[in-house]
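J.: Following this line is entry.cif, made up of mmCIF, C-alpha atoms, pLDDT in the B column; chains and numbers go by the auth columns:
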```cif
data_start
loop_
_atom_site.group_PDB
_atom_site.id
_atom_site.type_symbol
_atom_site.label_atom_id
_atom_site.label_comp_id
_atom_site.label_asym_id
_atom_site.label_seq_id
_atom_site.Cartn_x
_atom_site.Cartn_y
_atom_site.Cartn_z
_atom_site.B_iso_or_equiv
_atom_site.auth_seq_id
_atom_site.auth_asym_id
ATOM 1 C CA MET A 1 -104.416 272.084 91.216 58.00 1 A
ATOM 2 C CA GLU A 2 -105.388 270.740 87.792 62.00 2 A
ATOM 3 C CA ARG A 3 -109.081 269.918 87.478 67.00 3 A
ATOM 4 C CA LYS A 4 -109.767 266.493 85.954 70.00 4 A
ATOM 5 C CA LEU A 5 -112.620 266.541 83.457 70.00 5 A
ATOM 6 C CA HIS A 6 -114.833 263.503 83.093 76.00 6 A
ATOM 7 C CA PHE A 7 -116.885 264.267 79.968 84.00 7 A
ATOM 8 C CA ASN A 8 -113.831 263.923 77.730 89.00 8 A
ATOM 9 C CA PHE A 9 -113.153 260.256 78.506 92.00 9 A
ATOM 10 C CA PHE A 10 -115.075 257.004 78.180 92.00 10 A
ATOM 11 C CA GLN A 11 -114.111 253.345 78.225 94.00 11 A
ATOM 12 C CA ASN A 12 -115.983 250.266 77.123 95.00 12 A
ATOM 13 C CA LYS A 13 -113.910 247.427 78.503 95.00 13 A
ATOM 14 C CA GLU A 14 -116.627 244.958 77.513 96.00 14 A
ATOM 15 C CA CYS A 15 -116.039 245.724 73.830 95.00 15 A
ATOM 16 C CA GLU A 16 -114.547 242.704 72.085 96.00 16 A
ATOM 17 C CA TYR A 17 -111.977 245.008 70.464 93.00 17 A
ATOM 18 C CA PHE A 18 -110.865 246.854 73.609 94.00 18 A
ATOM 19 C CA PRO A 19 -108.282 248.236 73.330 92.00 19 A
ATOM 20 C CA CYS A 20 -108.393 248.471 69.541 91.00 20 A
ATOM 21 C CA HIS A 21 -104.968 250.143 69.188 90.00 21 A
ATOM 22 C CA GLU A 22 -101.633 249.490 70.864 90.00 22 A
ATOM 23 C CA GLY A 23 -99.482 252.206 72.352 92.00 23 A
ATOM 24 C CA ILE A 24 -101.617 253.589 75.191 93.00 24 A
ATOM 25 C CA ALA A 25 -101.856 252.168 78.683 94.00 25 A
ATOM 26 C CA GLU A 26 -105.217 250.418 79.089 93.00 26 A
ATOM 27 C CA GLU A 27 -106.296 252.704 81.952 92.00 27 A
ATOM 28 C CA GLU A 28 -105.682 255.753 79.721 93.00 28 A
ATOM 29 C CA PHE A 29 -107.365 254.394 76.576 95.00 29 A
ATOM 30 C CA SER A 30 -110.471 256.414 75.650 95.00 30 A
ATOM 31 C CA CYS A 31 -113.294 254.963 73.573 95.00 31 A
ATOM 32 C CA LEU A 32 -115.154 258.295 73.375 95.00 32 A
ATOM 33 C CA PHE A 33 -114.304 258.753 69.695 94.00 33 A
ATOM 34 C CA CYS A 34 -114.497 255.091 68.731 93.00 34 A
ATOM 35 C CA TYR A 35 -115.191 256.196 65.171 93.00 35 A
ATOM 36 C CA CYS A 36 -112.958 259.203 64.748 94.00 36 A
ATOM 37 C CA PRO A 37 -114.779 262.368 63.632 95.00 37 A
ATOM 38 C CA LEU A 38 -111.558 263.507 61.941 96.00 38 A
ATOM 39 C CA TYR A 39 -111.720 260.632 59.453 95.00 39 A
ATOM 40 C CA ALA A 40 -113.717 262.821 57.058 93.00 40 A
ATOM 41 C CA LEU A 41 -110.832 265.294 56.861 95.00 41 A
ATOM 42 C CA GLY A 42 -108.723 262.787 54.939 94.00 42 A
ATOM 43 C CA ARG A 43 -104.999 263.535 55.006 93.00 43 A
ATOM 44 C CA LYS A 44 -105.714 266.815 56.821 95.00 44 A
ATOM 45 C CA CYS A 45 -106.968 265.001 59.952 96.00 45 A
ATOM 46 C CA GLY A 46 -103.723 265.578 61.815 95.00 46 A
ATOM 47 C CA GLY A 47 -103.365 261.946 62.805 94.00 47 A
ATOM 48 C CA ASN A 48 -101.023 259.203 61.716 92.00 48 A
ATOM 49 C CA CYS A 49 -103.008 257.738 58.832 94.00 49 A
ATOM 50 C CA THR A 50 -101.879 255.943 55.717 95.00 50 A
ATOM 51 C CA TYR A 51 -103.756 254.787 52.641 96.00 51 A
ATOM 52 C CA THR A 52 -104.093 251.250 51.375 97.00 52 A
ATOM 53 C CA GLU A 53 -103.220 250.274 47.837 97.00 53 A
ATOM 54 C CA TYR A 54 -106.962 250.506 47.092 97.00 54 A
ATOM 55 C CA GLY A 55 -107.187 254.101 48.329 95.00 55 A
ATOM 56 C CA TYR A 56 -108.852 253.445 51.692 95.00 56 A
ATOM 57 C CA LYS A 57 -107.765 255.479 54.683 96.00 57 A
ATOM 58 C CA ASP A 58 -106.058 253.287 57.303 95.00 58 A
ATOM 59 C CA CYS A 59 -105.983 254.660 60.850 94.00 59 A
ATOM 60 C CA THR A 60 -104.531 251.538 62.455 91.00 60 A
ATOM 61 C CA ASN A 61 -101.436 253.380 63.698 91.00 61 A
ATOM 62 C CA CYS A 62 -103.252 256.505 64.884 94.00 62 A
ATOM 63 C CA LEU A 63 -103.883 257.127 68.579 95.00 63 A
ATOM 64 C CA VAL A 64 -105.221 260.699 68.340 96.00 64 A
ATOM 65 C CA PRO A 65 -108.897 259.942 69.148 95.00 65 A
ATOM 66 C CA HIS A 66 -107.979 257.581 71.983 95.00 66 A
ATOM 67 C CA LYS A 67 -106.010 260.030 74.114 94.00 67 A
ATOM 68 C CA ARG A 68 -107.940 262.088 76.654 91.00 68 A
ATOM 69 C CA GLU A 69 -105.749 265.144 76.037 92.00 69 A
ATOM 70 C CA ASN A 70 -106.865 265.291 72.387 95.00 70 A
ATOM 71 C CA TYR A 71 -110.543 265.932 73.173 94.00 71 A
ATOM 72 C CA LEU A 72 -110.351 269.698 72.536 94.00 72 A
ATOM 73 C CA ARG A 73 -108.125 269.125 69.495 95.00 73 A
ATOM 74 C CA ILE A 74 -110.878 267.008 67.940 96.00 74 A
ATOM 75 C CA ILE A 75 -113.816 269.198 69.003 95.00 75 A
ATOM 76 C CA SER A 76 -112.086 272.290 67.615 97.00 76 A
ATOM 77 C CA ARG A 77 -112.219 270.747 64.122 97.00 77 A
ATOM 78 C CA TYR A 78 -116.000 270.271 63.996 96.00 78 A
ATOM 79 C CA GLU A 79 -116.555 273.370 61.840 96.00 79 A
ATOM 80 C CA GLU A 80 -114.227 271.913 59.188 96.00 80 A
ATOM 81 C CA ILE A 81 -116.102 268.630 59.326 96.00 81 A
ATOM 82 C CA MET A 82 -119.449 270.409 58.980 95.00 82 A
ATOM 83 C CA GLU A 83 -118.184 272.253 55.900 95.00 83 A
ATOM 84 C CA ILE A 84 -117.419 268.883 54.302 93.00 84 A
ATOM 85 C CA VAL A 85 -120.896 267.643 55.227 93.00 85 A
ATOM 86 C CA LYS A 86 -122.524 270.770 53.759 95.00 86 A
ATOM 87 C CA GLU A 87 -120.518 270.433 50.549 93.00 87 A
ATOM 88 C CA ASN A 88 -121.424 266.760 50.205 90.00 88 A
ATOM 89 C CA ASP A 89 -125.090 267.569 50.820 92.00 89 A
ATOM 90 C CA ARG A 90 -124.955 270.330 48.201 91.00 90 A
ATOM 91 C CA ARG A 91 -123.389 267.989 45.654 89.00 91 A
ATOM 92 C CA GLY A 92 -126.022 265.358 46.444 83.00 92 A
ATOM 93 C CA GLN A 93 -128.842 267.811 45.726 85.00 93 A
ATOM 94 C CA GLU A 94 -127.338 268.719 42.347 79.00 94 A
ATOM 95 C CA LYS A 95 -127.636 265.136 41.078 69.00 95 A
#
```
Would you mind writing the file out in structure tokens?

T.:
Amino acid sequence: MERKLHFNFFQNKECEYFPCHEGIAEEEFSCLFCYCPLYALGRKCGGNCTYTEYGYKDCTNCLVPHKRENYLRIISRYEEIMEIVKENDRRGQEK
């Protein structure tokens, strides 16, 4: 029997934007990663992002952070994200 985890899913149905993306059944839509931690990885995030003509990352068509089954996929990338943070902090101290 598959054990259902509860810490990897959260919904905020009172949010005025819920659900903020189309393509997932409402009862399956997770708000846990409302602001996707993978955003900082740019094109290497593994999601379905595009870039606007002004160079801004557009995640409108990406469902990766809103699917329960992607929790471990996202968490497993935290070391990469922390390396970006460390590098940005280092650059900030050099100025």

J.: Quick one: of A:Gly92, A:Gly42, A:Pro37, A:Gly47, who's nearest to A:Ile75, counting only C-alpha atoms?

T.: A:Pro37

J.: Counting all atoms listed in the file, which of A:Lys13, A:His21, A:His6, A:Arg91 gets nearest to A:His66?

T.: A:His21

J.: Written as a PyMOL selection string, what is the full residue list that the PyMOL selection byres ((chain A and resi 9) around 10) yields on the file shown?

T.: chain A and resi 5-8+10-11+28-33+66-69+71

J.: Could you please take those selected residues and save C-alpha atoms as a PDB file, in the coordinates of the input?

T.:
```pdb
ATOM      1  CA  LEU A   5    -112.620 266.541  83.457  1.00 70.00           C
ATOM      2  CA  HIS A   6    -114.833 263.503  83.093  1.00 76.00           C
ATOM      3  CA  PHE A   7    -116.885 264.267  79.968  1.00 84.00           C
ATOM      4  CA  ASN A   8    -113.831 263.923  77.730  1.00 89.00           C
ATOM      5  CA  PHE A  10    -115.075 257.004  78.180  1.00 92.00           C
ATOM      6  CA  GLN A  11    -114.111 253.345  78.225  1.00 94.00           C
ATOM      7  CA  GLU A  28    -105.682 255.753  79.721  1.00 93.00           C
ATOM      8  CA  PHE A  29    -107.365 254.394  76.576  1.00 95.00           C
ATOM      9  CA  SER A  30    -110.471 256.414  75.650  1.00 95.00           C
ATOM     10  CA  CYS A  31    -113.294 254.963  73.573  1.00 95.00           C
ATOM     11  CA  LEU A  32    -115.154 258.295  73.375  1.00 95.00           C
ATOM     12  CA  PHE A  33    -114.304 258.753  69.695  1.00 94.00           C
ATOM     13  CA  HIS A  66    -107.979 257.581  71.983  1.00 95.00           C
ATOM     14  CA  LYS A  67    -106.010 260.030  74.114  1.00 94.00           C
ATOM     15  CA  ARG A  68    -107.940 262.088  76.654  1.00 91.00           C
ATOM     16  CA  GLU A  69    -105.749 265.144  76.037  1.00 92.00           C
ATOM     17  CA  TYR A  71    -110.543 265.932  73.173  1.00 94.00           C
TER      18      TYR A  71
END
```

J.: Which residue is closest to A:Asp58? Choose from A:Cys36, A:Ile74, A:Ala25, A:Val85 and count all atoms listed in the file.

T.: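 Checking each of A:Cys36, A:Ile74, A:Ala25, A:Val85 against A:Asp58, counting all atoms listed in the file, the winner is A:Cys36.
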
J.: Could you list, as a PyMOL selection string, every residue matched by the PyMOL selection byres ((chain A and resi 78) around 12) in this structure?

T.: chain A and resi 36-41+45+71-77+79-85

J.: So that I can check the surroundings of A:Thr60, please list as an MDAnalysis selection string every protein, DNA and RNA residue that reaches within 9 Å of it, counting only C-alpha atoms and ignoring chain neighbours fewer than 2 positions away.

T.: chainID A and resid 20:21 48:50 58 62:63

J.: If you measure from atom CA of A:Phe18 to atom CA of A:Lys57, what distance in Å do you get, rounded to one decimal?

T.: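 For atom CA of A:Phe18 relative to atom CA of A:Lys57, the distance reads 21.0 Å.
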
J.: What separation in Å, quoted to one decimal, exists between atom CA of A:Arg43 and atom CA of A:Lys86?

T.: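 That distance, rounded to one decimal, is 19.0 Å.
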
J.: Any idea what the distance is between atom CA of A:Pro19 and atom CA of A:Glu53?

T.: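 Distance between the two atoms: 26.1 Å.
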
J.: Which residue, A:Cys59, A:Lys4, A:Asp89, A:Asn70, has the smallest gap to A:Tyr35 when you use only C-alpha atoms?

T.: A:Cys59
